[in-house]
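Report on one structure; see the data block that follows.
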Amino acid sequence: KEWVGEILRNGKTVGIKLDIKETRAVQPSLMSLVSQLSNQKDCLLWLNADLLGHPEGHDKWPPVDPTQFLSLVSSTFPHAVLSMGWSSVWDIDDMVLSMLQLAARVQQPVVFPVYEPLGRKYLKQIESILKHTNYSLTFWRTPDREPDKAFVRTLTAKYPFRVFTDM
């Protein structure tokens, strides 16, 4: 709450990306944002959560409940960008299909965060999202690893305004 207040006090047009890690945090986080953003007309809001976990539960932490997240976000912030991720890797084809099925439930802009090394490894499947939908991708990487700038630059050039980086 303090962080969002500080961002908004600077008086400039801002964008906020909120990363929600637990299902129990969805509603209180959104309600806090409602009160803080009620007078903000030009604030770009991205709401991120890992919505898909390993089918056998082999996750470091459980994913956020997709039904609750999508329902609350869609009704509370209908113009927010939904950043829909997964908490572990299993069968990439099934993962992509499952994420596309979740994204089809909403009318809002959707971006899928992809760990950059996995994007390179599964380029065919990841690129199919860009070729066959209007969704976007955000490539992210841990701070201790150097990004493959050529890979990201190539996709950014091929799909302008649909590939983002968070590195």
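Lettering and numbering for the structure tokens are positional, with chains as A, B, ... in the shown order, residues counted from 1 in each chain, and ligands counted from 1 in the shown order.
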Per-residue nearest contacts of range 70-128 of chain A to range 135-148 of chain A (12 Å; only C-alpha atoms) as a tab-separated table:
residue	atom	partner	partner_atom	distance
A:Val81	CA	A:Ser136	CA	10.2
A:Leu82	CA	A:Tyr135	CA	10.0
A:Ser83	CA	A:Thr138	CA	8.6
A:Met84	CA	A:Leu137	CA	9.8
A:Gly85	CA	A:Thr138	CA	9.9
A:Met99	CA	A:Tyr135	CA	10.9
A:Leu100	CA	A:Tyr135	CA	9.2
A:Ala103	CA	A:Tyr135	CA	8.7
A:Ala104	CA	A:Tyr135	CA	10.3
A:Val106	CA	A:Tyr135	CA	11.6
A:Gln107	CA	A:Tyr135	CA	11.2
A:Gln108	CA	A:Tyr135	CA	9.8
A:Pro109	CA	A:Tyr135	CA	6.9
A:Val110	CA	A:Tyr135	CA	5.3
A:Val111	CA	A:Ser136	CA	4.4
A:Phe112	CA	A:Leu137	CA	4.8
A:Pro113	CA	A:Thr138	CA	4.6
A:Val114	CA	A:Phe139	CA	4.9
A:Tyr115	CA	A:Trp140	CA	5.0
A:Glu116	CA	A:Phe139	CA	5.0
A:Pro117	CA	A:Arg141	CA	7.8
A:Leu118	CA	A:Phe139	CA	9.4
A:Gly119	CA	A:Phe139	CA	7.6
A:Arg120	CA	A:Asp148	CA	9.0
A:Leu123	CA	A:Phe139	CA	11.9
A:Ile126	CA	A:Leu137	CA	8.6
A:Glu127	CA	A:Leu137	CA	9.3
A:Ser128	CA	A:Tyr135	CA	10.5
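Neighbours of Ala80 in chain A closer than or equal to 10 Å, with only C-alpha atoms counted and sequence neighbours fewer than 3 positions away skipped, come out as Ile16, Lys17, Cys43, Leu44, Leu45, Trp46, Leu47, Val73, Ser74, Thr76, Phe77, Ser83, Gln108, Pro109 and Val110 of chain A.
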Store the residues picked out above, limited to C-alpha atoms, as an mmCIF file, in the first residue's frame.
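What landed in result-v1.cif:
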data_model
loop_
_atom_site.group_PDB
_atom_site.id
_atom_site.type_symbol
_atom_site.label_atom_id
_atom_site.label_comp_id
_atom_site.auth_asym_id
_atom_site.auth_seq_id
_atom_site.Cartn_x
_atom_site.Cartn_y
_atom_site.Cartn_z
ATOM 1 C CA ILE A 16 2.052 -0.404 -12.064
ATOM 2 C CA LYS A 17 2.655 -4.148 -12.238
ATOM 3 C CA CYS A 43 -2.454 4.621 -14.743
ATOM 4 C CA LEU A 44 -1.562 1.530 -16.743
ATOM 5 C CA LEU A 45 -2.141 -1.494 -14.523
ATOM 6 C CA TRP A 46 -0.675 -4.967 -15.067
ATOM 7 C CA LEU A 47 -1.819 -7.702 -12.693
ATOM 8 C CA VAL A 73 -9.564 -8.898 -11.744
ATOM 9 C CA SER A 74 -12.062 -8.769 -14.620
ATOM 10 C CA THR A 76 -12.588 -4.955 -10.431
ATOM 11 C CA PHE A 77 -10.179 -3.712 -13.107
ATOM 12 C CA SER A 83 -0.177 -11.222 -16.900
ATOM 13 C CA GLN A 108 -8.832 -7.952 -21.389
ATOM 14 C CA PRO A 109 -5.366 -7.694 -22.881
ATOM 15 C CA VAL A 110 -3.292 -10.744 -21.924
#
Using Å and a single decimal, report how far CA of Leu37 in chain A sits from CA of Gln68 in chain A.
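If I compute the distance from CA of Gln68 in chain A to CA of Leu37 in chain A, I get 21.2 Å.
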So, with only C-alpha atoms as the atoms that count, which of A:His79, A:Lys149, A:Lys124, A:Lys131 lies closest to Arg162 in chain A?
A:Lys131
Neighbouring residues of range 49-66 of chain A were defined as those with any atom within 6 Å, considering only C-alpha atoms; residues of the same chain fewer than 6 positions away were excluded. Please report them as a PyMOL selection string.
chain A and resi 19-20+22-23+84-88
Those of range 56-153 of chain A in DSSP strand (DSSP E), formatted as a PyMOL selection string
chain A and resi 81-86+110-115+136-140
Preceding selection exported with N, CA, C and O atoms as a tab-separated table (two decimals), in the first residue's frame:
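again.tsv, written as the output of this step:
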chain	number	residue	atom	x	y	z
A	81	VAL	N	-4.21	-5.03	-17.73
A	81	VAL	CA	-3.55	-6.08	-18.51
A	81	VAL	C	-3.36	-7.27	-17.58
A	81	VAL	O	-2.88	-7.13	-16.46
A	82	LEU	N	-3.76	-8.45	-18.04
A	82	LEU	CA	-3.60	-9.66	-17.24
A	82	LEU	C	-2.31	-10.36	-17.65
A	82	LEU	O	-2.13	-10.73	-18.80
A	83	SER	N	-1.43	-10.51	-16.69
A	83	SER	CA	-0.18	-11.22	-16.90
A	83	SER	C	-0.34	-12.60	-16.27
A	83	SER	O	-0.34	-12.73	-15.05
A	84	MET	N	-0.50	-13.61	-17.11
A	84	MET	CA	-0.87	-14.95	-16.65
A	84	MET	C	0.30	-15.91	-16.84
A	84	MET	O	0.66	-16.25	-17.97
A	85	GLY	N	0.87	-16.36	-15.72
A	85	GLY	CA	2.04	-17.21	-15.78
A	85	GLY	C	1.79	-18.59	-15.23
A	85	GLY	O	0.69	-18.94	-14.82
A	86	TRP	N	2.86	-19.40	-15.23
A	86	TRP	CA	2.81	-20.75	-14.67
A	86	TRP	C	3.97	-20.93	-13.72
A	86	TRP	O	5.01	-20.30	-13.87
A	110	VAL	N	-3.99	-9.68	-22.64
A	110	VAL	CA	-3.29	-10.74	-21.92
A	110	VAL	C	-1.84	-10.78	-22.36
A	110	VAL	O	-1.53	-10.67	-23.56
A	111	VAL	N	-0.97	-10.93	-21.37
A	111	VAL	CA	0.45	-11.13	-21.64
A	111	VAL	C	0.88	-12.36	-20.84
A	111	VAL	O	0.43	-12.58	-19.72
A	112	PHE	N	1.71	-13.20	-21.46
A	112	PHE	CA	2.23	-14.37	-20.79
A	112	PHE	C	3.69	-14.14	-20.44
A	112	PHE	O	4.51	-13.91	-21.33
A	113	PRO	N	4.03	-14.19	-19.15
A	113	PRO	CA	5.44	-14.07	-18.77
A	113	PRO	C	6.15	-15.40	-19.04
A	113	PRO	O	5.66	-16.46	-18.65
A	114	VAL	N	7.29	-15.33	-19.71
A	114	VAL	CA	8.04	-16.53	-20.08
A	114	VAL	C	9.48	-16.36	-19.62
A	114	VAL	O	10.13	-15.35	-19.93
A	115	TYR	N	9.97	-17.34	-18.89
A	115	TYR	CA	11.37	-17.34	-18.48
A	115	TYR	C	12.21	-17.43	-19.75
A	115	TYR	O	12.05	-18.35	-20.54
A	136	SER	N	0.35	-11.14	-25.89
A	136	SER	CA	1.74	-10.70	-25.87
A	136	SER	C	2.56	-11.58	-24.94
A	136	SER	O	2.02	-12.38	-24.19
A	137	LEU	N	3.87	-11.39	-24.99
A	137	LEU	CA	4.80	-12.12	-24.12
A	137	LEU	C	5.71	-11.14	-23.40
A	137	LEU	O	6.09	-10.13	-23.97
A	138	THR	N	6.03	-11.46	-22.16
A	138	THR	CA	7.07	-10.75	-21.43
A	138	THR	C	8.15	-11.77	-21.09
A	138	THR	O	7.88	-12.76	-20.41
A	139	PHE	N	9.35	-11.55	-21.60
A	139	PHE	CA	10.46	-12.43	-21.26
A	139	PHE	C	11.13	-11.90	-20.01
A	139	PHE	O	11.46	-10.72	-19.92
A	140	TRP	N	11.32	-12.79	-19.03
A	140	TRP	CA	11.95	-12.39	-17.78
A	140	TRP	C	13.14	-13.30	-17.51
A	140	TRP	O	13.28	-14.35	-18.10
Using only C-alpha atoms, which of the listed residues (A:Ala150, A:Glu6, A:Leu130, A:Ser98) sits closest to Val163 in chain A?
A:Leu130
Enumerate, as JSON, numbers by chain, the complete set of residues in range 9-109 of chain A that a backbone-based DSSP assignment places in helix (DSSP H, G or I).
{"A": [9, 23, 24, 25, 26, 27, 28, 29, 30, 31, 32, 33, 34, 35, 36, 37, 66, 67, 68, 69, 70, 71, 72, 73, 74, 75, 76, 92, 93, 94, 95, 96, 97, 98, 99, 100, 101, 102, 103]}
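Proximity ranking of A:Pro78, A:Val4, A:Asp166, A:Ala157 relative to Gln36 in chain A places A:Val4 first, based on only C-alpha atoms.
Of note, CA of Leu33 in chain A and CA of Thr67 in chain A are spaced 19.7 Å apart.
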As an exercise, work out the distance from CA of Ser32 in chain A to CA of Gly5 in chain A in Å and give it to one decimal place.
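Distance between the two atoms: 10.4 Å.
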